[in-house]
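Inspection log for the structure reproduced underneath, given as structure tokens.
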Amino acid sequence: MTFPSKATHQQTRAHNSALVLRALYDRGPISRAEVARLTGLTRTTVGDLVGELLVDGLAREVGRGPSTGGKAPILVELVDDARHVIGLDLGEHVFRGAIVDLRGQVQRVIDRPVTGLDGDAALAVVYELIDTLVEAGRDTLLGIGVGTPGIVDARTGTIRGAVNLKWQDLPLGSLLRERYGVPVRIANDSRAAALAIQLFSGRQSGNLVAIKVGRGIGAGVVLGGEVFHGDGFGAGEIGHVVVDDDGAECRCGRFGCLETVASSRAAW
């Protein structure tokens, strides 16, 4: 039997720093003593970690709080725009990119029409969108997230197949990591929508299904608070389930898929 290895000092410190950041995010402005109480960390540890966050520009002191009998404590809060994340939504007719702060507040949005574009031409639009947004947050960029149609290998960020974009085994995650030097997450757009609903609804451990209907149809499934990818990362790919044996030809090459009878494309 193989036992998990003991956490390194660096891993422990990263975990503790995350606890302090969460306390500042949820409860700030807050005193160091209150952070220690909430996290269970020692005051010395909290003091050291808050000091690092101040130096890194992730936190700032904002005056003193009420006294409980002794010296009034100095309050600390998160600096919302100290770091930024870029998000892309790769729609069928429009690619949209946004840069957001640590609170998820949108700082800038850019749209690029992509009707009729696919393959390398569509990939070039992805690069152009990110290049433009990076200019607004190059020194503070934490990472990039992309929601895309198609079957996506979430482990590697590889798009196994996106019919409308004619992308086949495109290693988009690797390409973006190499180009921009930050962590990158690539997800099927329906699963990204399900994850967003879960996060912003506060149902961190619940189950839900989000169905996205546009020119295509897809579903994102969350089970026990975790996004369900399924065998071969195909969970939720309901748009190409055959529902009419004598139906119209689908863009995937089969006949009578759900998209041919229930998508916005079919309704026009």
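In the structure tokens, each chain is lettered A, B, ... as it comes, each chain's residues begin at 1, and ligands are numbered from 1 in order of appearance.
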
Discussion item. Using only C-alpha atoms, which protein or nucleic acid residues come within 7 Å of segment 82-89 of chain A? Drop anything in the same chain fewer than 4 positions from it, and give the result as a PyMOL selection string.
Written reply: chain A and resi 57-58+95-102+137+140-148

Once you have the residues from the selection above, write them out as a compact mmCIF listing (two decimals), in the first residue's frame, restricted to C-alpha atoms.
# COMPACT_ATOMS: atom_id res chain seq x y z
CA GLY A 57 -0.19 44.23 -3.43
CA LEU A 58 -2.94 41.67 -2.83
CA PHE A 95 -15.96 35.06 -29.92
CA ARG A 96 -16.19 37.16 -26.74
CA GLY A 97 -13.38 37.89 -24.32
CA ALA A 98 -13.42 39.63 -20.95
CA ILE A 99 -10.93 40.59 -18.27
CA VAL A 100 -12.23 40.42 -14.69
CA ASP A 101 -10.87 41.27 -11.25
CA LEU A 102 -10.68 39.06 -8.16
CA GLY A 137 -3.48 43.34 -17.30
CA THR A 140 -1.43 41.14 -12.96
CA LEU A 141 -2.71 38.23 -15.07
CA LEU A 142 -3.42 35.10 -13.02
CA GLY A 143 -4.74 32.84 -15.74
CA ILE A 144 -6.97 32.26 -18.74
CA GLY A 145 -10.21 30.31 -18.99
CA VAL A 146 -11.92 29.30 -22.23
CA GLY A 147 -15.40 27.92 -22.83
CA THR A 148 -15.67 26.26 -26.22

Against segment 186-203 of chain A, which residues of segment 214-266 of chain A fall within 9 Å? For each one I want the closest pair of atoms and the distance in Å (one decimal), counting only C-alpha atoms, rows by chain and increasing residue number, as a tab-separated table.
residue	atom	partner	partner_atom	distance
A:Ile217	CA	A:Ser190	CA	8.7
A:Gly218	CA	A:Ser190	CA	5.8
A:Ala219	CA	A:Ser190	CA	5.3
A:Gly220	CA	A:Arg191	CA	4.0
A:Val221	CA	A:Ala194	CA	6.5
A:Val222	CA	A:Ala194	CA	6.8
A:Gly225	CA	A:Arg203	CA	7.5
A:Glu226	CA	A:Leu195	CA	8.3
A:Val227	CA	A:Leu195	CA	6.8
A:Phe228	CA	A:Arg191	CA	8.2
A:His229	CA	A:Arg191	CA	8.3
A:Gly236	CA	A:Ser190	CA	7.9

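When only C-alpha atoms are used to measure the gap to Ala122 of chain A, the shortest distance among A:Ala154, A:Val134, A:Val109, A:Leu172 belongs to A:Leu172.
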
Worksheet item: Of the candidates A:Leu165, A:Leu208, A:Ile159, A:Leu24, which shows the shortest atom-to-atom distance to Val94 of chain A, using only C-alpha atoms?
Response: A:Leu165

Would you return as a tab-separated table (two decimals) with C-alpha atoms, in the first residue's frame the members of segment 121-204 of chain A that DSSP assigns to helix (DSSP H, G or I) on this structure's backbone?
chain	number	residue	atom	x	y	z
A	121	ALA	CA	-8.49	31.45	-38.93
A	122	ALA	CA	-10.67	30.93	-35.85
A	123	LEU	CA	-7.60	30.19	-33.72
A	124	ALA	CA	-6.06	33.48	-34.87
A	125	VAL	CA	-9.11	35.31	-33.49
A	126	VAL	CA	-8.58	33.62	-30.12
A	127	TYR	CA	-5.00	34.89	-30.04
A	128	GLU	CA	-6.03	38.39	-31.11
A	129	LEU	CA	-8.68	38.60	-28.40
A	130	ILE	CA	-6.30	37.51	-25.65
A	131	ASP	CA	-3.46	39.71	-26.92
A	132	THR	CA	-5.74	42.74	-26.71
A	133	LEU	CA	-6.98	41.88	-23.22
A	134	VAL	CA	-3.49	41.06	-21.92
A	138	ARG	CA	-0.13	41.93	-18.38
A	139	ASP	CA	1.57	42.33	-14.99
A	140	THR	CA	-1.43	41.14	-12.96
A	172	LEU	CA	-5.54	24.77	-27.19
A	173	GLY	CA	-4.53	24.63	-23.51
A	174	SER	CA	-0.89	23.91	-24.34
A	175	LEU	CA	-0.82	26.53	-27.07
A	176	LEU	CA	-2.12	29.25	-24.75
A	177	ARG	CA	0.11	28.26	-21.83
A	178	GLU	CA	3.18	28.40	-24.05
A	179	ARG	CA	2.17	31.74	-25.59
A	180	TYR	CA	1.13	33.59	-22.41
A	189	ASP	CA	-19.07	25.73	-22.87
A	190	SER	CA	-22.07	23.93	-21.36
A	191	ARG	CA	-19.96	22.54	-18.52
A	192	ALA	CA	-18.48	25.98	-17.93
A	193	ALA	CA	-22.03	27.36	-17.68
A	194	ALA	CA	-23.00	24.64	-15.19
A	195	LEU	CA	-19.91	25.36	-13.08
A	196	ALA	CA	-20.71	29.09	-13.07
A	197	ILE	CA	-24.29	28.42	-11.95
A	198	GLN	CA	-23.02	26.19	-9.17
A	199	LEU	CA	-20.43	28.69	-7.94
A	200	PHE	CA	-22.61	31.78	-8.02
A	201	SER	CA	-25.71	30.07	-6.65

Item to complete: Would you list the contacts of Ala162 of chain A as number ranges by chain, taking every protein, DNA or RNA residue within 6 Å and counting only C-alpha atoms, but skipping same-chain residues closer than 5 positions in sequence?
Response: A: 149-150, 167

Written selection (N, CA and C atoms) as a PDB file, in the first residue's frame:
ATOM      1  N   PRO A 149     -17.309  25.201 -27.682  1.00  0.00           N
ATOM      2  CA  PRO A 149     -18.153  24.065 -28.071  1.00  0.00           C
ATOM      3  C   PRO A 149     -17.292  22.849 -28.373  1.00  0.00           C
ATOM      4  N   GLY A 150     -17.920  21.702 -28.352  1.00  0.00           N
ATOM      5  CA  GLY A 150     -17.211  20.494 -28.722  1.00  0.00           C
ATOM      6  C   GLY A 150     -16.840  19.622 -27.539  1.00  0.00           C
ATOM      7  N   TRP A 167     -12.214  22.056 -35.568  1.00  0.00           N
ATOM      8  CA  TRP A 167     -11.048  21.790 -34.739  1.00  0.00           C
ATOM      9  C   TRP A 167     -11.065  20.319 -34.351  1.00  0.00           C
TER      10      TRP A 167
END

Discussion item. List the spatial neighbours of Ala33 of chain A as a list in words - criterion: any atom at most 9 Å away, only C-alpha atoms, same-chain residues fewer than 6 positions off excluded.
Written reply: Thr42, Arg43, Val46, Gly47 and Pro73 of chain A

Since we have the selection now, will you write its residues out, keeping N, CA and C atoms, as a tab-separated table (two decimals), in the first residue's frame?
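Below you can see part_14.tsv, which holds the result:
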chain	number	residue	atom	x	y	z
A	42	THR	N	-2.14	30.37	13.79
A	42	THR	CA	-1.60	31.20	14.87
A	42	THR	C	-1.51	32.65	14.41
A	43	ARG	N	-1.51	33.57	15.37
A	43	ARG	CA	-1.41	34.99	15.02
A	43	ARG	C	-0.09	35.30	14.34
A	46	VAL	N	-0.46	34.18	10.71
A	46	VAL	CA	-1.31	35.12	10.00
A	46	VAL	C	-0.58	36.43	9.75
A	47	GLY	N	0.15	36.90	10.75
A	47	GLY	CA	0.90	38.15	10.58
A	47	GLY	C	1.91	38.06	9.45
A	73	PRO	N	-7.51	47.48	16.61
A	73	PRO	CA	-6.78	46.68	15.62
A	73	PRO	C	-6.75	47.36	14.25

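Closest approach to Val55 of chain A among A:Gly224, A:Glu92, A:Gly40, A:Val79: A:Val79, based on only C-alpha atoms.
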
Worksheet item: Per DSSP on the backbone, what are the strand (DSSP E or B) residues of segment 47-262 of chain A, as JSON, numbers by chain?
Response: {"A": [59, 60, 61, 62, 63, 64, 74, 75, 76, 77, 78, 84, 85, 86, 87, 88, 89, 90, 94, 95, 96, 97, 98, 99, 100, 106, 107, 108, 109, 110, 111, 112, 113, 141, 142, 143, 144, 145, 146, 147, 148, 151, 152, 153, 158, 159, 160, 161, 162, 167, 168, 169, 170, 184, 185, 186, 187, 188, 208, 209, 210, 211, 212, 213, 217, 218, 219, 220, 221, 222, 223, 226, 227, 242, 249, 255, 257]}

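The interatomic distance for the pair atom CA of Gly63 of chain A and atom CA of Glu77 of chain A works out to 10.2 Å.
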
Worksheet item: Which polymer residues have any atom within 12 Å of an atom of segment 241-249 of chain A, counting only C-alpha atoms, with same-chain residues fewer than 4 positions away left out, as a PyMOL selection string?
Response: chain A and resi 216-218+234-237+253-262+266

Item to complete: For Thr45 of chain A, please output as a PyMOL selection string all residues within 10 Å (counting only C-alpha atoms; exclusion window: fewer than 6 positions along the same chain).
Response: chain A and resi 13+16-17+20+32+36+51

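Our summary of the geometry notes that atom CA of Pro113 of chain A is positioned 5.8 Å from atom CA of His93 of chain A.
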
Fill in: For Gly104 of chain A, the nearest of the candidates A:Thr158, A:Leu117, A:Leu53, A:Asp80, counting only C-alpha atoms
A:Asp80

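In this structure, atom CA of Pro66 of chain A sits 15.5 Å away from atom CA of Val35 of chain A.
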